[in-house]
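Okay, structure first, notes after.
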Amino acid sequence: MHVHFLHAVRPRIARSSKDTNGGFGTVNDFGRGPVSVLLTYFKRGRVYYPEILPAYLNALLKRQGHTVTYAQNSLNPSADLVLIQTSIVNYAAEMEWAERVRRTHPQVKIGFIGGMSAANPQFYLDLGDFVVQGEPENALLTQNIADFSGLVQAGLVQDLDRLPFPDWSYLQRVKNGYGLLRTGQGCFLPMLSSRGCPMSCGFYCTYPLTQGSSFRARSPENVIEEIGNLQAQYGMTGVMFRDPIFSLDMTRVQRLCELILENGLKVLWICETHPRFLTPVLVQLMARAGCVAVKLGIESGDVEVMRESRRAAPNLLGQEEVIRCLEANHIRVLAFYILGYFDDTPQSIQQTIDYATRLNTYGAQFTIATPYPGTAWHRELSCQPERFALDQDLEHYNQYRLVYNHPGLSFDDLERLKSHAYRLYYLRWPYIKKHFLRL
């Protein structure tokens with residue numbers, strides 16, 4: 001069987017990715033202010049790493065003996081099956097391409113995969129020959145894709161070491177760095193060393209929705225083997241670990257770093273985690289093993305707002321100590337903040353902005369709290385449609401836009417506060433003084 005990955009995306013100024021945000025995807029549209037617009041253009045031109053799901057499926061499908069091709073916004077006329085990776089941010093483009101394939105090539109089967117369709121299969125069943133609910137890799141470990149039909153209950157891969165390494169051979173371009181976080185010459189690729197997130201954000205976060213709330217990790221030895229494979233096959237020198245909480249199991253990360261050093265691997269890497277799961281000893285070891293940057297979910301500088309949002313209250317001072325430790329070990333920090341929680345006010349948002357400027361990390365990203373379809377928060381707001389008036393345009397759910405009637409903030413309020421946050425953060429003299437030479 002000839003399986004064709006049809007990467008359907010809508011042309012836009014901002015960069016989009018289908019792998020981020022639990023497979024719902026994001027569009028890095030930072031706002032309308034001058035600084036926000038510059039950041040939007042910069043990220044589109046300088047930040048690129050491909051989606052990892054097609055690479056995993058490419059390896060599994062080839063192992064089953066299928067011919068596999070890949071193209072963006074283009075159909076291979078000899079395909080027997082078209083796979084469309086779904087997202088919320090490119091929903092319209094994906095559906096338009098599915099309808100076009102159905103109309104012009106009715107003999108071709110259509111399958112939907114990815115986080116958005118896994119969490120909301122009802123949007124896709126009428127148009128697709130099958131929709132995979134769960135992780136399609138798990139289904140392909142025991143079933144042939146030629147037999148998929150209707151709603152495929154795939155479940156989750158419990159033993160991630162069973163998966164073959166992602167096959168990136170279809171890629172036409174791989175850049176040699178990651179925006180401001182340059183990783184040297186060679187290619188830069190994503191990796192998944194774990195899946196699942198047991199953190200307290202399941203009420204509104206998409207990762208527990210699509211990857212489950214149980215932490216599933218690959219063995220350090222298996223990860224080291226993939227790093228060696230990426231270097232040998234593709235000349236990889238930089239890795240972005242796409243795990244929701246990379247250092248949740250700190251002992252595992254310690255062993256991974258030790259193996260990198262023991263094997264003499266020259267690789268620079270970036271990960272995303274939470275300050276709770278970093279210690280000074282582990283940070284020092286990560287730096288020695290090639291970690292150049294860490295993304296931290298800080299979210300808010302207002303402890304009470306976090307409590308009201310059904311989140312564990314952060315230790316603001318403890319987070320700052322972790323950040324100073326990372327910086328002391330020459331690891332750059334990108335901090336993520338969320339504006340517009342249900343109980344947020346202009347004053348509490350300003351408190352978050354003030355906290356961000358105090359931390360003064362290498363990068364800061366300010367997004368808008370978003371009730372994604374399939375989450376408990378979305379279901380709760382849907383029970384009062386007249387009051388909350390959820391936006392019906394799914395592509396507006398891009399992590400940077402208010403999509404419901406907030407009880408205390410208007411759409412314009414949040415747009416103004418978001419632009420204010422970026423302008424204030426990046427145009428401060430303390431920021432320029434600390435980070436300008438690295439920029």
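Residues in the structure tokens are named by chain (A, B, ... in the order shown) and by number from 1 within that chain; ligands are numbered from 1 in the order shown.
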Considering only C-alpha atoms, tabulate each residue of stretch 182-277 of chain A that lies at most 12 Å from stretch 386-404 of chain A along with its nearest interatomic pair and the corresponding distance in Å to one decimal; arrange the rows by chain and ascending residue number and present them as CSV.
```
residue,atom,partner,partner_atom,distance
A:Tyr204,CA,A:Gln399,CA,12.0
A:Cys205,CA,A:Gln399,CA,11.2
A:Thr206,CA,A:Gln399,CA,11.5
```
Write out, as a PDB file, in the first residue's frame, the residues just selected, with N, CA and C atoms.
```
ATOM      1  N   TYR A 204      -7.350  21.857  32.359  1.00  0.00           N
ATOM      2  CA  TYR A 204      -7.338  22.672  31.139  1.00  0.00           C
ATOM      3  C   TYR A 204      -6.230  22.314  30.158  1.00  0.00           C
ATOM      4  N   CYS A 205      -5.285  21.467  30.556  1.00  0.00           N
ATOM      5  CA  CYS A 205      -4.129  21.180  29.700  1.00  0.00           C
ATOM      6  C   CYS A 205      -4.425  20.026  28.745  1.00  0.00           C
ATOM      7  N   THR A 206      -3.867  20.096  27.543  1.00  0.00           N
ATOM      8  CA  THR A 206      -4.126  19.071  26.528  1.00  0.00           C
ATOM      9  C   THR A 206      -3.206  17.857  26.655  1.00  0.00           C
TER      10      THR A 206
END
```
Excluding same-chain residues fewer than 4 positions from A:Gly301, what lies within 7 Å of it counting only C-alpha atoms, as a PDB file with N, CA and C atoms, in the first residue's frame?
```
ATOM      1  N   GLN A 351       0.890  41.751  38.012  1.00  0.00           N
ATOM      2  CA  GLN A 351       1.745  41.085  38.998  1.00  0.00           C
ATOM      3  C   GLN A 351       2.569  39.987  38.330  1.00  0.00           C
ATOM      4  N   THR A 352       1.952  39.260  37.398  1.00  0.00           N
ATOM      5  CA  THR A 352       2.693  38.238  36.648  1.00  0.00           C
ATOM      6  C   THR A 352       3.783  38.871  35.793  1.00  0.00           C
ATOM      7  N   TYR A 355       6.621  39.885  37.998  1.00  0.00           N
ATOM      8  CA  TYR A 355       7.390  38.708  38.413  1.00  0.00           C
ATOM      9  C   TYR A 355       8.309  38.250  37.274  1.00  0.00           C
TER      10      TYR A 355
END
```
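Closest approach to A:Ser87 among A:Arg324, A:His330, A:His435, A:Lys18: A:Lys18, based on only C-alpha atoms.
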- Query: Just asking: which residues within stretch 64-202 of chain A are strand (DSSP E) according to DSSP, as an MDAnalysis selection string?
  - Reply: chainID A and resid 67:72 81:85 109:113 130:134 150:155 187:191 194:195
Write the residues of the selection above to a file with N, CA and C atoms, as an mmCIF file, in the first residue's frame.
```cif
data_model
loop_
_atom_site.group_PDB
_atom_site.id
_atom_site.type_symbol
_atom_site.label_atom_id
_atom_site.label_comp_id
_atom_site.auth_asym_id
_atom_site.auth_seq_id
_atom_site.Cartn_x
_atom_site.Cartn_y
_atom_site.Cartn_z
ATOM 1 N N THR A 67 4.824 1.618 1.068
ATOM 2 C CA THR A 67 5.521 2.757 0.478
ATOM 3 C C THR A 67 4.999 4.020 1.145
ATOM 4 N N VAL A 68 5.907 4.909 1.568
ATOM 5 C CA VAL A 68 5.500 6.097 2.311
ATOM 6 C C VAL A 68 6.065 7.345 1.636
ATOM 7 N N THR A 69 5.191 8.335 1.398
ATOM 8 C CA THR A 69 5.623 9.632 0.882
ATOM 9 C C THR A 69 5.070 10.726 1.778
ATOM 10 N N TYR A 70 5.597 11.939 1.591
ATOM 11 C CA TYR A 70 5.228 13.064 2.455
ATOM 12 C C TYR A 70 5.277 14.333 1.635
ATOM 13 N N ALA A 71 4.292 15.221 1.814
ATOM 14 C CA ALA A 71 4.315 16.513 1.133
ATOM 15 C C ALA A 71 3.416 17.492 1.876
ATOM 16 N N GLN A 72 3.770 18.749 1.788
ATOM 17 C CA GLN A 72 2.952 19.793 2.390
ATOM 18 C C GLN A 72 1.982 20.345 1.362
ATOM 19 N N LEU A 81 -3.723 5.578 0.387
ATOM 20 C CA LEU A 81 -4.212 6.084 1.665
ATOM 21 C C LEU A 81 -3.541 7.419 1.950
ATOM 22 N N VAL A 82 -4.334 8.397 2.337
ATOM 23 C CA VAL A 82 -3.811 9.703 2.747
ATOM 24 C C VAL A 82 -3.980 9.842 4.254
ATOM 25 N N LEU A 83 -2.875 10.116 4.936
ATOM 26 C CA LEU A 83 -2.906 10.381 6.368
ATOM 27 C C LEU A 83 -2.792 11.881 6.601
ATOM 28 N N ILE A 84 -3.691 12.425 7.398
ATOM 29 C CA ILE A 84 -3.661 13.846 7.729
ATOM 30 C C ILE A 84 -3.468 13.986 9.226
ATOM 31 N N GLN A 85 -2.351 14.608 9.613
ATOM 32 C CA GLN A 85 -2.110 14.882 11.030
ATOM 33 C C GLN A 85 -2.945 16.087 11.434
ATOM 34 N N LYS A 109 -8.353 6.177 0.387
ATOM 35 C CA LYS A 109 -8.799 6.202 1.775
ATOM 36 C C LYS A 109 -8.188 7.413 2.489
ATOM 37 N N ILE A 110 -8.912 7.910 3.488
ATOM 38 C CA ILE A 110 -8.450 9.053 4.273
ATOM 39 C C ILE A 110 -8.435 8.657 5.740
ATOM 40 N N GLY A 111 -7.305 8.899 6.392
ATOM 41 C CA GLY A 111 -7.184 8.617 7.821
ATOM 42 C C GLY A 111 -6.732 9.852 8.581
ATOM 43 N N PHE A 112 -7.324 10.067 9.739
ATOM 44 C CA PHE A 112 -6.945 11.204 10.586
ATOM 45 C C PHE A 112 -6.185 10.694 11.803
ATOM 46 N N ILE A 113 -5.051 11.328 12.074
ATOM 47 C CA ILE A 113 -4.224 10.982 13.227
ATOM 48 C C ILE A 113 -3.845 12.273 13.949
ATOM 49 N N PHE A 130 -11.103 6.400 8.556
ATOM 50 C CA PHE A 130 -10.829 6.029 9.938
ATOM 51 C C PHE A 130 -10.249 7.220 10.694
ATOM 52 N N VAL A 131 -10.459 7.191 11.995
ATOM 53 C CA VAL A 131 -9.903 8.188 12.911
ATOM 54 C C VAL A 131 -9.258 7.426 14.054
ATOM 55 N N VAL A 132 -8.002 7.721 14.339
ATOM 56 C CA VAL A 132 -7.286 7.019 15.407
ATOM 57 C C VAL A 132 -7.468 7.776 16.712
ATOM 58 N N GLN A 133 -8.041 7.095 17.697
ATOM 59 C CA GLN A 133 -8.183 7.662 19.030
ATOM 60 C C GLN A 133 -7.131 7.026 19.932
ATOM 61 N N GLY A 134 -6.210 7.843 20.390
ATOM 62 C CA GLY A 134 -5.059 7.335 21.120
ATOM 63 C C GLY A 134 -3.797 7.565 20.308
ATOM 64 N N GLY A 150 -13.162 3.084 10.570
ATOM 65 C CA GLY A 150 -13.990 3.715 11.581
ATOM 66 C C GLY A 150 -13.164 4.332 12.699
ATOM 67 N N LEU A 151 -13.649 4.206 13.910
ATOM 68 C CA LEU A 151 -12.928 4.733 15.071
ATOM 69 C C LEU A 151 -11.977 3.660 15.569
ATOM 70 N N VAL A 152 -10.686 3.918 15.413
ATOM 71 C CA VAL A 152 -9.648 2.960 15.809
ATOM 72 C C VAL A 152 -9.220 3.285 17.234
ATOM 73 N N GLN A 153 -9.527 2.390 18.164
ATOM 74 C CA GLN A 153 -9.140 2.591 19.558
ATOM 75 C C GLN A 153 -7.709 2.098 19.736
ATOM 76 N N ALA A 154 -6.773 3.034 19.687
ATOM 77 C CA ALA A 154 -5.359 2.659 19.675
ATOM 78 C C ALA A 154 -4.775 2.487 21.070
ATOM 79 N N GLY A 155 -5.284 3.225 22.037
ATOM 80 C CA GLY A 155 -4.671 3.184 23.354
ATOM 81 C C GLY A 155 -3.327 3.916 23.360
ATOM 82 N N CYS A 187 22.342 19.377 11.925
ATOM 83 C CA CYS A 187 20.890 19.509 11.924
ATOM 84 C C CYS A 187 20.328 19.417 13.340
ATOM 85 N N PHE A 188 19.148 19.977 13.497
ATOM 86 C CA PHE A 188 18.476 20.077 14.789
ATOM 87 C C PHE A 188 17.158 19.322 14.692
ATOM 88 N N LEU A 189 16.939 18.339 15.570
ATOM 89 C CA LEU A 189 15.758 17.494 15.486
ATOM 90 C C LEU A 189 15.110 17.324 16.856
ATOM 91 N N PRO A 190 13.800 17.065 16.872
ATOM 92 C CA PRO A 190 13.123 16.794 18.146
ATOM 93 C C PRO A 190 13.242 15.327 18.534
ATOM 94 N N MET A 191 13.113 15.066 19.824
ATOM 95 C CA MET A 191 13.059 13.703 20.351
ATOM 96 C C MET A 191 12.016 13.649 21.459
ATOM 97 N N SER A 194 9.966 10.723 26.885
ATOM 98 C CA SER A 194 8.886 10.305 27.776
ATOM 99 C C SER A 194 7.572 10.892 27.276
ATOM 100 N N ARG A 195 6.483 10.327 27.749
ATOM 101 C CA ARG A 195 5.146 10.823 27.425
ATOM 102 C C ARG A 195 4.282 10.769 28.679
#
```
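By chain and then residue number, the residues within 7 Å of A:Ser419 are A:Gly31, A:Arg32, A:Gly33, A:Ser36, A:Glu415, A:Arg423, counting only C-alpha atoms and disregarding those fewer than 4 positions away in sequence.
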- Query: Counting only C-alpha atoms, which of A:Leu6, A:Ala55, A:Val35, A:Met250 gets nearest to A:Ala79?
  - Reply: A:Leu6
- Query: Pick from A:Thr40, A:Ile52, A:Arg162, A:Leu209: nearest to A:Ala376, with only C-alpha atoms counted?
  - Reply: A:Leu209
- In Å, how far is it from atom CA of A:His2 to atom CA of A:Asp167? 16.6 Å
Compile the contact shell of A:Leu296 as a JSON list (two decimals) with N, CA and C atoms, in the first residue's frame: residues with an atom at most 10 Å away, counting only C-alpha atoms, same-chain residues fewer than 2 positions apart removed.
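result04.json, written as the output of this step:
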```
[["chain", "number", "residue", "atom", "x", "y", "z"],
["A", 245, "ILE", "N", 7.20, 16.97, 30.65],
["A", 245, "ILE", "CA", 7.99, 17.28, 31.85],
["A", 245, "ILE", "C", 9.25, 16.40, 31.80],
["A", 271, "CYS", "N", 15.38, 21.21, 26.70],
["A", 271, "CYS", "CA", 14.26, 20.43, 27.24],
["A", 271, "CYS", "C", 13.26, 21.38, 27.89],
["A", 272, "GLU", "N", 12.10, 20.83, 28.21],
["A", 272, "GLU", "CA", 11.04, 21.57, 28.90],
["A", 272, "GLU", "C", 10.69, 20.83, 30.18],
["A", 273, "THR", "N", 10.59, 21.55, 31.29],
["A", 273, "THR", "CA", 10.29, 20.90, 32.55],
["A", 273, "THR", "C", 9.67, 21.91, 33.51],
["A", 274, "HIS", "N", 9.60, 21.54, 34.77],
["A", 274, "HIS", "CA", 9.06, 22.42, 35.81],
["A", 274, "HIS", "C", 10.15, 22.63, 36.86],
["A", 275, "PRO", "N", 10.24, 23.82, 37.44],
["A", 275, "PRO", "CA", 11.29, 24.08, 38.43],
["A", 275, "PRO", "C", 11.32, 23.09, 39.59],
["A", 276, "ARG", "N", 10.17, 22.49, 39.91],
["A", 276, "ARG", "CA", 10.12, 21.53, 41.02],
["A", 276, "ARG", "C", 11.01, 20.33, 40.79],
["A", 293, "ALA", "N", 19.75, 24.95, 27.09],
["A", 293, "ALA", "CA", 18.58, 25.76, 27.42],
["A", 293, "ALA", "C", 17.50, 24.89, 28.04],
["A", 294, "VAL", "N", 16.72, 25.51, 28.91],
["A", 294, "VAL", "CA", 15.59, 24.84, 29.56],
["A", 294, "VAL", "C", 14.37, 25.75, 29.46],
["A", 298, "ILE", "N", 6.28, 28.61, 34.18],
["A", 298, "ILE", "CA", 6.11, 29.42, 35.39],
["A", 298, "ILE", "C", 4.63, 29.78, 35.56],
["A", 299, "GLU", "N", 4.02, 30.21, 34.48],
["A", 299, "GLU", "CA", 2.57, 30.44, 34.34],
["A", 299, "GLU", "C", 2.07, 31.74, 34.98],
["A", 319, "GLN", "N", 11.36, 29.02, 42.69],
["A", 319, "GLN", "CA", 11.51, 29.06, 41.24],
["A", 319, "GLN", "C", 12.66, 29.99, 40.84],
["A", 323, "ILE", "N", 16.15, 29.13, 38.68],
["A", 323, "ILE", "CA", 16.55, 29.88, 37.49],
["A", 323, "ILE", "C", 17.96, 30.43, 37.65],
["A", 333, "VAL", "N", 17.40, 30.19, 29.98],
["A", 333, "VAL", "CA", 16.06, 29.88, 30.48],
["A", 333, "VAL", "C", 15.02, 30.62, 29.66],
["A", 334, "LEU", "N", 14.03, 29.87, 29.16],
["A", 334, "LEU", "CA", 12.85, 30.45, 28.54],
["A", 334, "LEU", "C", 11.67, 30.17, 29.47],
["A", 335, "ALA", "N", 11.05, 31.21, 29.96],
["A", 335, "ALA", "CA", 9.95, 31.06, 30.92],
["A", 335, "ALA", "C", 8.61, 31.29, 30.23],
["A", 336, "PHE", "N", 7.64, 30.40, 30.52],
["A", 336, "PHE", "CA", 6.31, 30.47, 29.93],
["A", 336, "PHE", "C", 5.32, 31.02, 30.96],
["A", 337, "TYR", "N", 4.55, 32.01, 30.55],
["A", 337, "TYR", "CA", 3.54, 32.61, 31.42],
["A", 337, "TYR", "C", 2.18, 32.55, 30.72],
["A", 364, "ALA", "N", 10.96, 35.07, 27.41],
["A", 364, "ALA", "CA", 9.67, 35.01, 28.11],
["A", 364, "ALA", "C", 8.57, 34.91, 27.08]]
```
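One distance worth recording is that between atom CA of A:Leu156 and atom CA of A:Tyr48, which is 27.5 Å.
Ranking A:Gly238, A:Pro198, A:Pro385, A:Pro34 by their shortest atom-to-atom distance to A:Val292, with only C-alpha atoms included, puts A:Gly238 first.
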- Task: Quick one: pick out all helix (DSSP H, G or I) residues within stretch 51-219 of chain A from a backbone DSSP run and write them as a PyMOL selection string.
- Result: chain A and resi 53-63+91-104+115-119+121-123+136-142+145-147+160-162+206-211
